[in-house]
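Novice: Just one file: run.tsv, with TSV, C-alpha atoms (C1' of nucleotides).
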chain	number	residue	atom	x	y	z
A	1	MET	CA	117.77	102.64	71.98
A	2	LYS	CA	116.33	99.72	70.13
A	3	ILE	CA	114.42	99.98	66.90
A	4	LYS	CA	111.69	97.99	68.57
A	5	GLU	CA	111.18	100.76	71.01
A	6	MET	CA	110.24	103.13	68.20
A	7	GLN	CA	107.71	100.68	66.82
A	8	LEU	CA	106.29	100.11	70.26
A	9	ARG	CA	105.99	103.83	70.85
A	10	LYS	CA	104.08	104.18	67.61
A	11	LEU	CA	101.84	101.28	68.57
A	12	LEU	CA	101.16	102.85	71.93
A	13	SER	CA	100.36	106.16	70.28
A	14	GLN	CA	97.27	104.47	68.88
A	15	PHE	CA	95.83	104.57	72.34
A	16	HIS	CA	95.02	107.77	74.21
A	17	LEU	CA	98.15	107.47	76.29
A	18	THR	CA	100.10	110.39	77.67
A	19	GLU	CA	103.85	110.83	77.34
A	20	PHE	CA	104.41	109.59	80.84
A	21	GLU	CA	102.43	106.40	80.37
A	22	THR	CA	104.18	105.74	77.09
A	23	GLU	CA	107.57	106.11	78.74
A	24	VAL	CA	106.61	103.73	81.51
A	25	LEU	CA	105.27	101.10	79.14
A	26	ILE	CA	108.35	101.32	76.95
A	27	ALA	CA	110.65	101.03	79.94
A	28	THR	CA	108.68	97.99	81.07
A	29	ALA	CA	108.88	96.42	77.63
A	30	SER	CA	112.65	96.86	77.71
A	31	ILE	CA	113.02	94.61	80.73
A	32	GLU	CA	115.11	91.60	79.78
A	33	GLU	CA	113.86	88.10	80.37
A	34	GLY	CA	114.54	86.58	83.75
A	35	LYS	CA	114.78	90.06	85.23
A	36	THR	CA	112.49	91.88	87.57
A	37	LEU	CA	112.25	95.54	88.47
A	38	THR	CA	110.44	97.20	91.32
A	39	TYR	CA	108.00	100.02	90.66
A	40	LYS	CA	110.52	102.37	92.16
A	41	GLU	CA	113.40	101.07	90.04
A	42	LEU	CA	111.23	101.47	87.01
A	43	ALA	CA	110.36	105.00	88.07
A	44	GLU	CA	114.03	105.84	88.43
A	45	ARG	CA	114.63	104.38	85.02
A	46	ILE	CA	112.28	106.88	83.38
A	47	GLY	CA	113.80	109.74	85.34
A	48	ARG	CA	111.13	110.04	88.02
A	49	PRO	CA	112.58	108.33	91.11
A	50	ASN	CA	109.59	109.25	93.22
A	51	SER	CA	106.78	108.63	90.79
A	52	TYR	CA	106.41	104.97	91.77
A	53	ARG	CA	102.72	105.60	92.33
A	54	ALA	CA	102.23	107.14	88.92
A	55	VAL	CA	104.18	104.24	87.46
A	56	GLY	CA	101.73	101.82	89.02
A	57	ASN	CA	98.97	103.91	87.46
A	58	ALA	CA	100.50	103.65	84.01
A	59	LEU	CA	100.98	99.90	84.30
A	60	GLY	CA	97.41	99.54	85.52
A	61	ARG	CA	96.27	101.27	82.33
A	62	ASN	CA	98.61	99.06	80.32
A	63	PRO	CA	96.66	98.46	77.06
A	64	LEU	CA	99.05	95.67	76.03
A	65	ALA	CA	99.01	93.62	79.21
A	66	PRO	CA	100.04	90.31	77.59
A	67	GLU	CA	102.42	92.03	75.21
A	68	ILE	CA	104.26	94.16	77.72
A	69	PRO	CA	106.08	92.19	80.45
A	70	CYS	CA	104.33	94.12	83.19
A	71	HIS	CA	104.53	90.90	85.20
A	72	ARG	CA	108.24	91.59	85.68
A	73	VAL	CA	107.43	94.64	87.75
A	74	ILE	CA	107.05	93.91	91.44
A	75	LYS	CA	107.07	95.73	94.75
A	76	SER	CA	110.36	96.59	96.42
A	77	SER	CA	109.31	94.36	99.32
A	78	GLY	CA	109.55	91.36	97.02
A	79	GLU	CA	105.79	90.92	96.70
A	80	LEU	CA	104.23	90.58	93.27
A	81	GLY	CA	102.26	93.79	93.30
A	82	GLY	CA	99.43	93.49	90.79
A	83	TYR	CA	98.54	92.41	87.30
A	84	SER	CA	95.62	93.89	85.33
A	85	GLY	CA	96.04	91.33	82.55
A	86	LYS	CA	93.96	88.18	82.30
A	87	GLY	CA	94.80	85.68	85.01
A	88	GLY	CA	95.62	88.42	87.51
A	89	ASN	CA	98.38	88.03	90.06
A	90	ARG	CA	97.95	84.27	89.74
A	91	LYS	CA	99.26	84.25	86.19
A	92	LYS	CA	101.84	86.85	87.07
A	93	LYS	CA	103.44	84.52	89.56
A	94	ARG	CA	103.28	81.65	87.10
A	95	LEU	CA	104.97	83.74	84.40
A	96	LEU	CA	107.77	84.83	86.72
A	97	ARG	CA	108.32	81.26	87.82
A	98	SER	CA	108.40	80.13	84.19
A	99	GLU	CA	111.04	82.71	83.42
A	100	ASN	CA	113.06	81.63	86.41
A	101	ALA	CA	112.84	85.28	87.54
A	102	ILE	CA	112.03	84.04	91.01
B	1	DC	C1'	90.46	117.08	95.07
B	2	DC	C1'	90.69	111.99	95.12
B	3	DC	C1'	92.48	107.61	93.61
B	4	DG	C1'	95.85	104.01	92.97
B	5	DA	C1'	99.54	97.41	90.43
B	6	DT	C1'	103.96	102.02	96.20
B	7	DT	C1'	107.53	103.12	99.63
B	8	DC	C1'	109.68	104.04	103.88
B	9	DC	C1'	109.84	104.82	108.89
B	10	DC	C1'	108.68	103.83	113.81
B	11	DC	C1'	107.39	100.65	117.62
B	12	DG	C1'	107.10	96.15	119.88
B	13	DC	C1'	107.31	91.13	119.98
C	1	DG	C1'	110.45	89.02	109.91
C	2	DC	C1'	105.55	90.51	110.82
C	3	DG	C1'	101.71	93.44	112.38
C	4	DG	C1'	99.62	98.07	113.01
C	5	DG	C1'	99.62	103.13	111.83
C	6	DG	C1'	100.94	107.09	109.16
C	7	DA	C1'	103.10	110.26	105.75
C	8	DA	C1'	105.19	111.38	101.28
C	9	DT	C1'	104.99	111.56	96.41
C	10	DC	C1'	103.14	111.66	91.04
C	11	DG	C1'	100.19	111.76	87.06
C	12	DG	C1'	95.40	111.62	85.38
C	13	DG	C1'	90.47	112.76	85.26
Show me the file's structure as structure tokens.

Specialist:
Amino acid sequence: MKIKEMQLRKLLSQFHLTEFETEVLIATASIEEGKTLTYKELAERIGRPNSYRAVGNALGRNPLAPEIPCHRVIKSSGELGGYSGKGGNRKKKRLLRSENAI
DNA sequence: CCCGATTCCCCGC
DNA sequence: GCGGGGAATCGGG
């Protein structure tokens, strides 16, 4: 557990987020650079192996799009998935390429 | 009840 | 691997 996580959780609490969404966002923020996780892997990480859909929901509501590395979360098929932040999937791909994650 | 930044399975080419 | 079709599963409003 990183100290950053606590700060992030507090920051997220400023929004009207639920526990679940907070967990998902934190788990996403904890992804190391150059790494990518699938929605399912992320779901498993928060203890809900089958909530991949709900995970997508949480990321879609991601209030800190540019701050949280939601671009490191892709589909299990290898596709990008989506990106609600500015630039959309276009920027998502660019970011991943910049990080050498793909 | 309905929706969605999903996933997995089946079939055939 | 790719296309078409369908079902399962989860939280939020």

Novice: Chain A residues within 7 Å of chain B, counting all atoms listed in the file: which ones, as a count of residues only?

Specialist: 9

Novice: Kindly assemble as a Markdown table a list of the chain A residues that lie within 7 Å of chain C, each paired with its nearest atom pair and their distance in Å to one decimal, using only C-alpha atoms (C1' of nucleotides), sorted first by chain and then by ascending residue number.

Specialist:
| residue | atom | partner | partner_atom | distance |
| --- | --- | --- | --- | --- |
| A:Asn50 | CA | C:DT9 | C1' | 6.1 |
| A:Ser51 | CA | C:DC10 | C1' | 4.7 |
| A:Arg53 | CA | C:DC10 | C1' | 6.2 |
| A:Ala54 | CA | C:DC10 | C1' | 5.1 |

Novice: If I take atom CA of Lys92 of chain A and atom CA of Glu67 of chain A, how far is one from the other in Å, to one decimal?

Specialist: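 Distance reported for this atom pair: 13.0 Å.
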
Novice: Rounded to one decimal in Å, what is the spacing between atom CA of Leu37 of chain A and atom CA of Arg9 of chain A?

Specialist: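 One can read the atom CA of Leu37 of chain A to atom CA of Arg9 of chain A distance as 20.5 Å.
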
Novice: Would you place a box with edges along x, y and z of the file around all atoms of segment 3-12 of chain C listed there, add 4 Å to each of its six sides, and report the centre and edge lengths in Å to one decimal, as JSON?

Specialist:
{"center_x": 100.3, "center_y": 102.6, "center_z": 99.2, "size_x": 17.8, "size_y": 26.3, "size_z": 35.6}
